[in-house]
$ cat structure-v3.cif   # mmCIF, C-alpha atoms
data_model
loop_
_atom_site.label_atom_id
_atom_site.label_comp_id
_atom_site.auth_asym_id
_atom_site.auth_seq_id
_atom_site.Cartn_x
_atom_site.Cartn_y
_atom_site.Cartn_z
CA MET L 51 -35.47 -9.07 -81.09
CA SER L 52 -32.16 -9.23 -79.24
CA GLN L 53 -30.73 -6.31 -77.25
CA ILE L 54 -28.03 -5.77 -79.88
CA GLU L 55 -30.66 -5.50 -82.61
CA LYS L 56 -32.71 -3.10 -80.47
CA ASN L 57 -29.68 -0.89 -79.90
CA LEU L 58 -28.93 -0.96 -83.61
CA LEU L 59 -32.49 0.09 -84.45
CA VAL L 60 -32.45 2.88 -81.85
CA ASP L 61 -29.16 4.24 -83.20
CA PHE L 62 -30.46 4.09 -86.77
CA ILE L 63 -33.62 6.00 -85.85
CA LEU L 64 -31.55 8.56 -83.94
CA CYS L 65 -29.31 9.11 -86.97
CA ILE L 66 -32.35 9.55 -89.22
CA CYS L 67 -33.77 12.15 -86.81
CA GLY L 68 -30.47 14.01 -86.87
CA LEU L 69 -30.37 13.96 -90.67
CA CYS L 70 -33.86 15.46 -90.68
CA LEU L 71 -32.36 18.53 -89.00
CA PHE L 72 -30.05 18.94 -91.99
CA THR L 73 -33.09 18.68 -94.28
CA THR L 74 -34.98 21.39 -92.38
CA GLU L 75 -31.80 23.50 -92.28
CA GLN L 76 -31.51 23.32 -96.08
CA ILE L 77 -35.19 24.17 -96.52
CA ASN L 78 -34.75 27.28 -94.39
CA ARG L 79 -31.43 28.10 -96.05
CA SER L 80 -32.98 28.05 -99.53
CA LEU L 81 -36.11 30.06 -98.73
CA ALA L 82 -34.68 33.52 -99.40
CA ASP L 83 -33.27 32.73 -102.87
CA PRO L 84 -36.52 32.77 -104.89
CA PHE L 85 -38.41 35.35 -102.78
CA PHE L 86 -36.15 37.87 -101.09
CA PRO L 87 -34.58 39.57 -104.17
CA LEU L 88 -37.98 40.48 -105.60
CA GLU L 89 -39.33 41.58 -102.20
CA ALA L 90 -36.21 43.65 -101.57
CA GLN L 91 -36.48 45.26 -105.00
CA SER L 92 -40.05 46.27 -104.22
CA LYS L 93 -38.72 47.95 -101.04
CA GLY L 94 -36.31 50.03 -103.11
CA LEU L 95 -33.09 48.10 -102.45
CA SER L 96 -30.45 48.28 -105.18
CA GLN L 97 -28.86 45.17 -106.66
CA THR L 98 -25.70 45.89 -104.64
CA GLU L 99 -27.72 46.06 -101.42
CA ILE L 100 -29.49 42.81 -102.31
CA GLY L 101 -26.10 41.18 -102.88
CA LEU L 102 -24.90 42.54 -99.52
CA VAL L 103 -27.89 41.06 -97.66
CA THR L 104 -27.67 37.65 -99.34
CA GLY L 105 -23.93 37.55 -98.65
CA CYS L 106 -24.15 38.43 -94.95
CA ILE L 107 -25.25 34.94 -94.02
CA ASP L 108 -22.10 33.51 -95.56
CA VAL L 109 -19.60 35.92 -94.02
CA ALA L 110 -21.17 35.36 -90.58
CA ASN L 111 -21.02 31.62 -91.16
CA ALA L 112 -17.36 31.88 -92.18
CA LEU L 113 -16.22 34.05 -89.29
CA PHE L 114 -18.04 32.00 -86.67
CA ALA L 115 -16.74 28.77 -88.21
CA PHE L 116 -13.24 30.04 -87.54
CA VAL L 117 -13.81 30.29 -83.78
CA ILE L 118 -16.44 27.66 -82.97
CA PRO L 119 -14.01 24.67 -82.77
CA TYR L 120 -12.53 26.29 -79.66
CA PHE L 121 -15.92 26.19 -77.86
CA VAL L 122 -17.16 22.72 -78.82
CA THR L 123 -16.52 19.86 -76.39
CA LYS L 124 -17.56 16.25 -76.60
CA ASN L 125 -20.30 16.77 -74.04
CA ASN L 126 -21.87 19.93 -75.50
CA LYS L 127 -21.72 19.08 -79.21
CA CYS L 128 -25.36 17.98 -79.41
CA LEU L 129 -26.51 21.04 -77.44
CA ILE L 130 -24.72 23.38 -79.88
CA PHE L 131 -26.06 21.39 -82.85
CA CYS L 132 -29.67 21.68 -81.68
CA LEU L 133 -29.27 25.25 -80.44
CA GLY L 134 -28.04 26.23 -83.90
CA SER L 135 -31.10 24.62 -85.45
CA PHE L 136 -33.40 26.36 -82.95
CA MET L 137 -31.80 29.76 -83.62
CA MET L 138 -31.97 29.31 -87.37
CA GLY L 139 -35.67 28.48 -87.26
CA LEU L 140 -36.37 31.49 -85.07
CA SER L 141 -34.40 33.91 -87.25
CA THR L 142 -36.11 32.53 -90.38
CA MET L 143 -39.55 33.20 -88.94
CA ILE L 144 -38.62 36.79 -88.05
CA PHE L 145 -36.93 37.33 -91.43
CA GLY L 146 -40.23 36.51 -93.11
CA GLN L 147 -41.96 39.26 -91.13
CA LEU L 148 -39.62 41.99 -92.38
CA THR L 149 -41.96 42.59 -95.32
CA HIS L 150 -44.09 44.72 -92.95
CA ILE L 151 -41.24 47.26 -92.59
CA SER L 152 -41.73 50.11 -95.06
CA ASN L 153 -38.67 52.24 -94.28
CA HIS L 154 -35.79 51.53 -96.65
CA TRP L 155 -32.95 51.65 -94.13
CA ALA L 156 -34.88 49.86 -91.40
CA PHE L 157 -35.69 47.03 -93.81
CA LEU L 158 -32.07 46.80 -95.00
CA SER L 159 -30.49 46.84 -91.52
CA SER L 160 -33.02 44.32 -90.16
CA ALA L 161 -32.44 41.98 -93.10
CA ILE L 162 -28.68 42.16 -92.58
CA PHE L 163 -29.01 41.50 -88.83
CA PHE L 164 -31.16 38.39 -89.21
CA GLN L 165 -29.02 37.07 -92.08
CA ILE L 166 -26.02 37.36 -89.77
CA LEU L 167 -27.92 35.49 -87.04
CA THR L 168 -28.84 32.80 -89.57
CA GLY L 169 -25.19 32.53 -90.63
CA ILE L 170 -24.06 32.01 -87.03
CA SER L 171 -26.76 29.36 -86.57
CA LEU L 172 -25.70 27.66 -89.79
CA SER L 173 -22.11 27.51 -88.59
CA MET L 174 -23.19 25.91 -85.33
CA VAL L 175 -25.14 23.22 -87.18
CA TRP L 176 -22.33 22.45 -89.61
CA ALA L 177 -19.53 22.46 -87.03
CA THR L 178 -21.25 19.98 -84.71
CA GLY L 179 -23.73 17.99 -86.81
CA TYR L 180 -21.31 15.45 -88.25
CA VAL L 181 -19.49 15.03 -84.91
CA THR L 182 -22.79 14.49 -83.08
CA LEU L 183 -24.17 11.90 -85.50
CA SER L 184 -20.92 10.00 -86.00
CA SER L 185 -20.55 9.63 -82.21
CA ILE L 186 -23.71 7.51 -82.20
CA ARG L 187 -22.08 4.84 -84.35
CA PRO L 188 -18.46 5.67 -85.29
CA GLU L 189 -18.37 2.76 -87.72
CA TRP L 190 -21.12 4.44 -89.74
CA SER L 191 -19.08 7.61 -90.33
CA GLY L 192 -18.91 7.24 -94.10
CA ARG L 193 -22.61 6.49 -94.44
CA ILE L 194 -23.45 9.43 -92.21
CA VAL L 195 -21.54 11.80 -94.51
CA ALA L 196 -23.48 10.40 -97.48
CA GLY L 197 -26.69 10.75 -95.47
CA ILE L 198 -25.96 14.41 -94.71
CA GLU L 199 -25.43 15.13 -98.41
CA SER L 200 -28.68 13.32 -99.27
CA ALA L 201 -30.57 15.16 -96.52
CA LEU L 202 -29.34 18.51 -97.86
CA ALA L 203 -30.34 17.53 -101.39
CA ILE L 204 -33.82 16.49 -100.24
CA GLY L 205 -34.22 19.80 -98.43
CA GLY L 206 -33.07 21.68 -101.51
CA ILE L 207 -35.61 19.85 -103.70
CA ILE L 208 -38.71 19.94 -101.51
CA GLY L 209 -37.96 23.38 -100.06
CA PRO L 210 -38.73 25.36 -103.24
CA LEU L 211 -41.77 23.18 -103.98
CA ILE L 212 -43.34 23.63 -100.53
CA SER L 213 -42.39 27.30 -100.24
CA ALA L 214 -43.88 28.06 -103.68
CA ALA L 215 -47.19 26.52 -102.60
CA LEU L 216 -47.15 28.40 -99.30
CA PHE L 217 -46.23 31.65 -101.08
CA LYS L 218 -49.23 31.23 -103.35
CA ILE L 219 -51.50 30.72 -100.33
CA GLY L 220 -50.22 33.33 -97.88
CA GLY L 221 -47.69 35.53 -99.62
CA TYR L 222 -44.08 36.31 -98.66
CA PHE L 223 -44.22 35.67 -94.90
CA LEU L 224 -45.96 32.24 -94.85
CA PRO L 225 -43.09 30.05 -96.21
CA PHE L 226 -40.69 31.57 -93.68
CA ALA L 227 -43.16 31.16 -90.80
CA VAL L 228 -43.93 27.48 -91.50
CA ALA L 229 -40.37 26.34 -92.29
CA GLY L 230 -38.90 28.29 -89.37
CA LEU L 231 -41.43 26.88 -86.93
CA ILE L 232 -40.70 23.30 -88.06
CA GLU L 233 -36.95 23.69 -87.61
CA THR L 234 -37.33 25.36 -84.22
CA PHE L 235 -39.31 22.43 -82.83
CA ALA L 236 -37.18 19.84 -84.67
CA GLY L 237 -34.02 21.05 -82.92
CA PHE L 238 -35.67 20.90 -79.50
CA ILE L 239 -37.17 17.44 -80.12
CA PHE L 240 -33.91 15.93 -81.37
CA TYR L 241 -32.02 17.20 -78.33
CA VAL L 242 -34.53 15.60 -75.96
CA ILE L 243 -34.40 12.29 -77.86
CA TYR L 244 -30.58 12.32 -78.05
CA ILE L 245 -30.16 12.93 -74.32
CA ARG L 246 -32.64 10.18 -73.43
CA LEU L 247 -31.23 7.53 -75.79
CA THR L 248 -27.48 8.08 -75.52
CA SER L 249 -25.01 8.00 -72.69
CA GLN L 250 -22.09 10.39 -72.64
CA ALA L 251 -20.65 9.20 -69.35
CA ASN L 252 -17.46 7.90 -70.97
CA GLU L 253 -16.77 11.08 -72.89
CA ASP L 254 -14.10 13.37 -71.56
CA SER L 255 -15.18 16.98 -71.86
CA LYS L 256 -11.66 18.13 -71.16
CA ALA L 257 -10.12 16.24 -74.05
CA LYS L 258 -9.21 18.69 -76.77
CA GLU L 259 -7.49 18.29 -80.06
CA ASP L 260 -5.19 20.87 -81.55
CA GLN L 261 -7.47 23.16 -83.54
CA SER L 262 -4.69 25.11 -85.31
CA LEU L 263 -6.89 26.30 -88.15
CA LEU L 264 -4.73 29.37 -88.65
CA SER L 265 -1.67 27.23 -89.34
CA PHE L 266 -3.70 24.92 -91.56
CA ALA L 267 -5.18 27.76 -93.62
CA SER L 268 -1.97 29.80 -93.95
CA ARG L 269 -0.41 27.46 -96.54
CA PRO L 270 -0.89 28.82 -100.09
CA THR L 271 -1.12 25.44 -101.83
CA LEU L 272 -4.28 24.65 -99.84
CA TYR L 273 -6.17 27.28 -101.82
CA VAL L 274 -5.02 25.71 -105.09
CA VAL L 275 -6.31 22.31 -103.97
CA ALA L 276 -9.57 23.98 -102.82
CA SER L 277 -10.22 25.55 -106.26
CA PRO L 278 -13.50 23.61 -106.66
CA CYS L 279 -14.77 25.27 -103.45
CA LEU L 280 -13.99 28.69 -104.95
CA LEU L 281 -16.10 28.00 -108.04
CA VAL L 282 -19.00 26.42 -106.11
CA ALA L 283 -19.18 29.44 -103.80
CA ILE L 284 -19.07 32.01 -106.60
CA GLY L 285 -21.63 30.14 -108.66
CA LYS L 286 -24.10 29.56 -105.82
CA SER L 287 -23.85 33.13 -104.53
CA PHE L 288 -24.42 34.47 -108.04
CA ASN L 289 -27.50 32.26 -108.43
CA SER L 290 -28.88 33.33 -105.06
CA ALA L 291 -28.55 37.04 -105.74
CA THR L 292 -29.53 37.24 -109.43
CA ILE L 293 -31.31 34.28 -111.01
CA SER L 294 -34.82 35.00 -109.70
CA LEU L 295 -34.62 38.64 -110.80
CA HIS L 296 -33.23 37.62 -114.19
CA LEU L 297 -35.95 35.04 -114.84
CA SER L 298 -38.65 37.45 -113.70
CA SER L 299 -37.48 40.46 -115.72
CA VAL L 300 -36.34 38.74 -118.93
CA TYR L 301 -38.82 35.87 -119.19
CA ASN L 302 -41.73 37.34 -117.15
CA LEU L 303 -41.71 34.24 -114.95
CA ASN L 304 -43.92 34.42 -111.86
CA THR L 305 -42.21 34.07 -108.48
CA GLU L 306 -44.03 30.85 -107.51
CA TYR L 307 -42.58 29.03 -110.53
CA ILE L 308 -38.94 30.00 -110.03
CA GLY L 309 -38.34 27.65 -107.08
CA PRO L 310 -39.94 24.47 -108.49
CA PHE L 311 -38.62 24.87 -112.05
CA PHE L 312 -35.13 26.27 -111.46
CA PHE L 313 -33.90 25.84 -107.89
CA ALA L 314 -35.40 22.36 -107.36
CA PRO L 315 -33.88 20.91 -110.59
CA GLN L 316 -30.49 22.20 -109.45
CA MET L 317 -30.74 20.14 -106.26
CA LEU L 318 -32.11 17.20 -108.24
CA GLY L 319 -29.01 17.21 -110.44
CA TYR L 320 -26.88 17.48 -107.32
CA SER L 321 -28.57 14.57 -105.52
CA ILE L 322 -28.69 12.18 -108.47
CA PHE L 323 -25.16 12.75 -109.70
CA GLY L 324 -23.92 12.88 -106.10
CA PHE L 325 -24.22 9.09 -105.84
CA ILE L 326 -22.20 8.66 -109.06
CA ALA L 327 -19.59 11.16 -107.87
CA GLY L 328 -19.33 9.42 -104.50
CA TRP L 329 -18.83 6.05 -106.17
CA GLY L 330 -16.18 7.54 -108.45
CA VAL L 331 -14.28 9.07 -105.53
CA ASP L 332 -14.31 5.75 -103.65
CA LYS L 333 -12.93 4.04 -106.76
CA GLY L 334 -10.05 6.50 -107.04
CA TYR L 335 -11.45 8.84 -109.69
CA ALA L 336 -11.58 12.00 -107.54
CA LEU L 337 -9.58 14.08 -110.03
CA LEU L 338 -11.73 12.96 -112.95
CA ILE L 339 -14.89 13.87 -111.02
CA SER L 340 -13.45 17.32 -110.33
CA TYR L 341 -12.77 17.94 -114.02
CA ILE L 342 -16.27 16.79 -114.96
CA GLY L 343 -17.46 19.42 -112.50
CA PHE L 344 -15.31 22.12 -114.10
CA CYS L 345 -16.89 21.32 -117.48
CA HIS L 346 -20.40 21.62 -116.07
CA PHE L 347 -19.53 24.93 -114.41
CA ALA L 348 -18.33 26.31 -117.75
CA ALA L 349 -21.45 24.98 -119.52
CA THR L 350 -23.73 26.61 -116.94
CA PHE L 351 -22.25 30.07 -117.29
CA LEU L 352 -21.98 29.76 -121.06
CA ILE L 353 -25.76 29.35 -121.11
CA TYR L 354 -26.20 32.20 -118.62
CA SER L 355 -24.09 34.51 -120.79
CA LEU L 356 -26.32 34.10 -123.85
CA PRO L 357 -29.94 35.28 -124.41
CA LEU L 358 -31.27 31.76 -124.99
CA PRO L 359 -34.83 30.39 -124.64
CA LEU L 360 -36.11 29.77 -121.13
CA TYR L 361 -35.68 25.99 -121.15
CA PHE L 362 -31.91 26.42 -121.57
CA ASN L 363 -31.86 28.04 -118.13
CA MET L 364 -33.47 24.93 -116.68
CA ILE L 365 -30.74 22.84 -118.33
CA ALA L 366 -28.16 25.21 -116.83
CA SER L 367 -29.76 24.72 -113.40
CA VAL L 368 -29.40 20.93 -113.61
CA SER L 369 -25.85 21.30 -114.96
CA PHE L 370 -24.90 23.52 -112.06
CA GLY L 371 -26.34 20.97 -109.62
CA ILE L 372 -24.08 18.32 -111.19
CA PHE L 373 -21.10 20.67 -110.86
CA THR L 374 -21.92 21.24 -107.17
CA SER L 375 -21.73 17.51 -106.44
CA CYS L 376 -18.52 17.18 -108.46
CA GLY L 377 -17.05 20.18 -106.67
CA PHE L 378 -17.83 19.23 -103.07
CA ILE L 379 -17.69 15.44 -102.91
CA PRO L 380 -14.04 15.00 -104.06
CA LEU L 381 -12.95 18.18 -102.24
CA PHE L 382 -12.53 16.57 -98.82
CA GLN L 383 -10.36 13.80 -100.28
CA HIS L 384 -8.22 16.35 -102.12
CA ILE L 385 -7.66 18.34 -98.92
CA ALA L 386 -7.05 15.21 -96.82
CA LYS L 387 -4.30 14.04 -99.21
CA TRP L 388 -2.84 17.54 -99.25
CA ALA L 389 -2.83 17.64 -95.43
CA THR L 390 -1.02 14.31 -95.29
CA SER L 391 1.64 15.65 -97.65
CA GLN L 392 2.03 18.67 -95.36
CA GLY L 393 2.88 16.52 -92.34
CA PHE L 394 -0.52 16.19 -90.63
CA THR L 395 -0.81 12.63 -89.31
CA SER L 396 -3.96 12.47 -87.18
CA GLU L 397 -6.97 11.44 -89.25
CA THR L 398 -9.35 13.01 -86.73
CA LYS L 399 -7.42 16.26 -86.72
CA ILE L 400 -7.42 16.37 -90.52
CA LYS L 401 -11.22 15.92 -90.60
CA VAL L 402 -11.84 18.63 -88.01
CA LEU L 403 -9.53 21.13 -89.71
CA THR L 404 -10.87 20.29 -93.18
CA SER L 405 -14.50 20.82 -92.10
CA SER L 406 -13.67 24.09 -90.36
CA PHE L 407 -11.63 25.37 -93.29
CA VAL L 408 -14.24 24.50 -95.93
CA ASN L 409 -17.01 26.10 -93.89
CA MET L 410 -14.97 29.28 -93.34
CA TYR L 411 -13.58 29.55 -96.88
CA TYR L 412 -16.90 28.75 -98.55
CA GLY L 413 -18.77 31.28 -96.43
CA LEU L 414 -16.32 34.10 -97.16
CA LEU L 415 -16.32 33.33 -100.87
CA ARG L 416 -20.12 33.32 -101.01
CA PHE L 417 -20.20 36.72 -99.35
CA PHE L 418 -17.80 38.28 -101.85
CA GLY L 419 -19.49 36.43 -104.71
CA SER L 420 -22.88 37.88 -103.75
CA LEU L 421 -21.50 41.36 -103.24
CA ILE L 422 -19.17 41.58 -106.25
CA PHE L 423 -20.52 39.30 -109.00
CA GLY L 424 -24.15 39.11 -107.85
CA GLY L 425 -24.29 42.76 -106.77
CA VAL L 426 -21.90 45.36 -108.21
CA VAL L 427 -21.06 43.67 -111.52
CA VAL L 428 -24.69 42.83 -112.36
CA GLU L 429 -25.89 46.28 -111.36
CA TYR L 430 -23.37 48.16 -113.52
CA LEU L 431 -22.81 45.73 -116.40
CA GLY L 432 -25.80 43.38 -116.48
CA PHE L 433 -26.56 39.70 -115.98
CA TYR L 434 -25.18 38.44 -119.29
CA GLU L 435 -21.95 40.40 -118.94
CA ALA L 436 -21.43 39.21 -115.34
CA SER L 437 -21.94 35.60 -116.46
CA THR L 438 -19.36 36.09 -119.22
CA ILE L 439 -16.82 37.44 -116.70
CA ILE L 440 -17.35 34.41 -114.43
CA LEU L 441 -17.01 32.10 -117.45
CA CYS L 442 -13.63 33.67 -118.27
CA PHE L 443 -12.57 33.69 -114.61
CA VAL L 444 -12.88 29.89 -114.33
CA VAL L 445 -9.67 29.51 -116.37
CA ILE L 446 -7.52 30.83 -113.49
CA PRO L 447 -8.38 28.35 -110.69
CA VAL L 448 -8.63 25.40 -113.10
CA THR L 449 -5.17 26.15 -114.52
CA ALA L 450 -3.63 26.45 -111.04
CA PHE L 451 -5.38 23.24 -109.93
CA SER L 452 -4.09 21.39 -113.02
CA PHE L 453 -0.48 22.54 -112.64
CA TYR L 454 -0.47 21.49 -109.00
CA TYR L 455 -1.54 17.93 -109.80
CA ILE L 456 0.69 17.70 -112.86
CA LYS L 457 3.62 18.61 -110.61
CA ILE L 458 2.60 15.93 -108.10
CA TYR L 459 2.29 13.36 -110.90
CA TYR L 460 5.79 14.04 -112.21
CA ASN L 461 7.24 14.05 -108.69
CA VAL L 462 5.72 10.63 -108.04
CA LYS L 463 7.01 9.31 -111.36
CA HIS L 464 10.45 10.70 -110.60
CA GLU L 465 10.53 8.96 -107.22
CA GLU L 466 9.39 5.69 -108.82
CA ASN L 467 12.18 5.90 -111.39
CA ILE L 468 14.75 6.56 -108.66
CA ASN L 469 13.50 3.62 -106.60
CA ALA L 470 13.47 1.35 -109.67
CA SER L 471 17.01 2.22 -110.71
CA PRO L 472 19.72 -0.23 -109.48
#
$ encode --input "structure-v3.cif" --output "structure tokens"
Amino acid sequence: MSQIEKNLLVDFILCICGLCLFTTEQINRSLADPFFPLEAQSKGLSQTEIGLVTGCIDVANALFAFVIPYFVTKNNKCLIFCLGSFMMGLSTMIFGQLTHISNHWAFLSSAIFFQILTGISLSMVWATGYVTLSSIRPEWSGRIVAGIESALAIGGIIGPLISAALFKIGGYFLPFAVAGLIETFAGFIFYVIYIRLTSQANEDSKAKEDQSLLSFASRPTLYVVASPCLLVAIGKSFNSATISLHLSSVYNLNTEYIGPFFFAPQMLGYSIFGFIAGWGVDKGYALLISYIGFCHFAATFLIYSLPLPLYFNMIASVSFGIFTSCGFIPLFQHIAKWATSQGFTSETKIKVLTSSFVNMYYGLLRFFGSLIFGGVVVEYLGFYEASTIILCFVVIPVTAFSFYYIKIYYNVKHEENINASP
């Protein structure tokens, strides 16, 4: 084997190890969804308080995403990436031990604190993971993005399956203890491997790009283009805060079956259709993919709004997974084209600002989605009524999104007619 082939193999293995961190991150991220709402309810927390706790991770993620680009340099990106993974594993392990706290307010405040810590850790992983892995082989950037999405999907599928088995063996704390311990060691191991196998001597730690996220995010049309992100965040936060309680109370479904039969199929739909969505975006069908996603979002919440048999909820779970892939995968292309139309010229700058904006915007939306739709609305109106409200709400962002692109289409046609005229 030649030296070039050896280097190629080493870089490939290093990228795979880095993607494994995203898989463990997703496993830890998805642990609370099937277990925490029921545990919190047994501790006397109201639905609004449950929504507040589940949303804290997202608001912390969003706020820290806003500032972290100012602290990341080319030489410390891997350290921050692995430190975020280490912190997330540690906070997950402690979060699983909160079941031993009997006092209502002590349990609530502790849960909020460690969700905030998890959100900060999540932001560190997301802000630096892509930059770290793409620096290994810049020419693999596109494949690394696809690999990150696949790693997240794998974590979302196997996470509920493994955690359900561990829950059956050792109760509430065991899934958190095992998954958290794995991620803690995985972050440390990857950092050691990365430092030993890569050289950062040619990287300039003083080189900084303009990180004007405030200017980027202050333009109103950006939020129209990012409408799919709005719906993904609301839908996922609603699922996290309510679906396990709904399935348990209405269908008498045991906790250990909720993850494998409802959260895992969601990620399966996401991972399978993600390849189709990615191919469609590369072929120029980004808008079509987005509208397919809108249809699946509406179908999901139409099912949620009706008292249908249990298997319809499994169909809704798969449908929502398809919507998630259709919402996220074209989103970065939509925002990149929008940024170009707004005068941004640096491709690197556009990628940095897009990643930071999506992380911040998505996190804030998930917080308010958990608190408002998954908390207050469900508590005072009920699950079916909240689902109906979300189903009606989808008309607003889809209409704004459509008018924006219709306007662009007619502007392009108008310019073509002017250029074609003698």
$ resolve_selection --input "structure-v3.cif" --expression "the PyMOL selection byres ((chain L and resi 382-390) around 9)" --output "list in words"
Phe266, Thr271, Leu272, Val275, Ala276, Val331, Ala336, Leu337, Phe378, Ile379, Pro380, Leu381, Ser391, Gln392, Gly393, Phe394, Thr395, Ser396, Glu397, Ile400, Lys401, Thr404, Ser405 and Val408 of chain L
$ closest_atom_pairs --input "structure-v3.cif" --of "stretch 63-88 of chain L" --to "stretch 297-300 of chain L" --cutoff "12 Å" --atoms "all atoms listed in the file" --output "Markdown table"
| residue | atom | partner | partner_atom | distance |
| --- | --- | --- | --- | --- |
| L:Pro84 | CA | L:Ser298 | CA | 10.2 |
| L:Phe85 | CA | L:Ser298 | CA | 11.1 |
| L:Pro87 | CA | L:Ser298 | CA | 10.6 |
| L:Leu88 | CA | L:Ser298 | CA | 8.7 |
$ atom_distance --input "structure-v3.cif" --atom1 "atom CA of L:His346" --atom2 "atom CA of L:Ala436"
17.6 Å
$ resolve_selection --input "structure-v3.cif" --expression "the PyMOL selection byres ((chain L and resi 107) around 8)" --output "mmCIF file with C-alpha atoms, keeping the file's coordinate frame"
data_model
loop_
_atom_site.group_PDB
_atom_site.id
_atom_site.type_symbol
_atom_site.label_atom_id
_atom_site.label_comp_id
_atom_site.auth_asym_id
_atom_site.auth_seq_id
_atom_site.Cartn_x
_atom_site.Cartn_y
_atom_site.Cartn_z
ATOM 1 C CA VAL L 103 -27.890 41.060 -97.660
ATOM 2 C CA THR L 104 -27.670 37.650 -99.340
ATOM 3 C CA GLY L 105 -23.930 37.550 -98.650
ATOM 4 C CA CYS L 106 -24.150 38.430 -94.950
ATOM 5 C CA ASP L 108 -22.100 33.510 -95.560
ATOM 6 C CA VAL L 109 -19.600 35.920 -94.020
ATOM 7 C CA ALA L 110 -21.170 35.360 -90.580
ATOM 8 C CA ASN L 111 -21.020 31.620 -91.160
ATOM 9 C CA GLN L 165 -29.020 37.070 -92.080
ATOM 10 C CA ILE L 166 -26.020 37.360 -89.770
ATOM 11 C CA LEU L 167 -27.920 35.490 -87.040
ATOM 12 C CA THR L 168 -28.840 32.800 -89.570
ATOM 13 C CA GLY L 169 -25.190 32.530 -90.630
ATOM 14 C CA ILE L 170 -24.060 32.010 -87.030
ATOM 15 C CA GLY L 413 -18.770 31.280 -96.430
ATOM 16 C CA PHE L 417 -20.200 36.720 -99.350
#
$ residues_around --input "structure-v3.cif" --residues "L:Leu129" --least-positions-apart "6" --cutoff "10 Å" --atoms "only C-alpha atoms" --output "PyMOL selection string"
chain L and resi 122+135+174+178+182+237-238+240-242+244-245
$ residues_near_point --input "structure-v3.cif" --point "(-16.9, 7.7, -108.7)" --cutoff "10 Å" --atoms "only C-alpha atoms" --output "VMD selection string"
chain L and resid 323 to 339 376 379 to 380
$ closest_residue --input "structure-v3.cif" --among "L:Val60, L:Ile118, L:Ile54, L:Leu415" --to "L:Tyr273" --atoms "all atoms listed in the file"
L:Leu415
$ resolve_selection --input "structure-v3.cif" --expression "the PyMOL selection byres ((chain L and resi 363) around 12)" --output "JSON, numbers by chain"
{"L": [289, 293, 294, 296, 297, 300, 301, 308, 311, 312, 313, 315, 316, 349, 350, 351, 352, 353, 354, 355, 356, 357, 358, 359, 360, 361, 362, 364, 365, 366, 367, 368, 369, 370]}
$ atom_distance --input "structure-v3.cif" --atom1 "atom CA of L:Gln91" --atom2 "atom CA of L:Tyr307"
18.2 Å
$ atom_distance --input "structure-v3.cif" --atom1 "atom CA of L:Ala348" --atom2 "atom CA of L:Gly209"
26.6 Å
$ closest_residue --input "structure-v3.cif" --among "L:Ile212, L:Met137, L:Ile186, L:Glu233" --to "L:Thr73" --atoms "only C-alpha atoms"
L:Glu233
$ closest_residue --input "structure-v3.cif" --among "L:Leu264, L:Ile204, L:Ile66, L:Ala291" --to "L:Leu102" --atoms "all atoms listed in the file"
L:Ala291
$ decode --input "structure-v3.cif" --residues "stretch 69-79 of chain L" --atoms "N, CA and C atoms" --output "short mmCIF file (atom, residue, chain, number, x, y, z; two decimals), in the first residue's frame"
data_model
loop_
_atom_site.label_atom_id
_atom_site.label_comp_id
_atom_site.auth_asym_id
_atom_site.auth_seq_id
_atom_site.Cartn_x
_atom_site.Cartn_y
_atom_site.Cartn_z
N LEU L 69 -17.85 10.85 12.96
CA LEU L 69 -19.29 10.66 12.73
C LEU L 69 -19.92 9.85 13.85
N CYS L 70 -19.14 8.95 14.45
CA CYS L 70 -19.66 8.17 15.58
C CYS L 70 -20.03 9.08 16.75
N LEU L 71 -19.31 10.21 16.90
CA LEU L 71 -19.67 11.16 17.95
C LEU L 71 -21.06 11.75 17.71
N PHE L 72 -21.39 11.99 16.44
CA PHE L 72 -22.73 12.49 16.13
C PHE L 72 -23.79 11.42 16.43
N THR L 73 -23.44 10.15 16.20
CA THR L 73 -24.37 9.08 16.53
C THR L 73 -24.62 9.00 18.03
N THR L 74 -23.55 9.05 18.83
CA THR L 74 -23.73 9.00 20.28
C THR L 74 -24.44 10.26 20.79
N GLU L 75 -24.17 11.40 20.14
CA GLU L 75 -24.87 12.64 20.52
C GLU L 75 -26.37 12.51 20.31
N GLN L 76 -26.76 11.91 19.16
CA GLN L 76 -28.19 11.75 18.88
C GLN L 76 -28.84 10.74 19.82
N ILE L 77 -28.10 9.69 20.17
CA ILE L 77 -28.63 8.72 21.14
C ILE L 77 -28.93 9.42 22.47
N ASN L 78 -27.97 10.20 22.94
CA ASN L 78 -28.17 10.92 24.20
C ASN L 78 -29.26 11.97 24.08
N ARG L 79 -29.32 12.62 22.92
CA ARG L 79 -30.31 13.67 22.71
C ARG L 79 -31.73 13.11 22.73
#
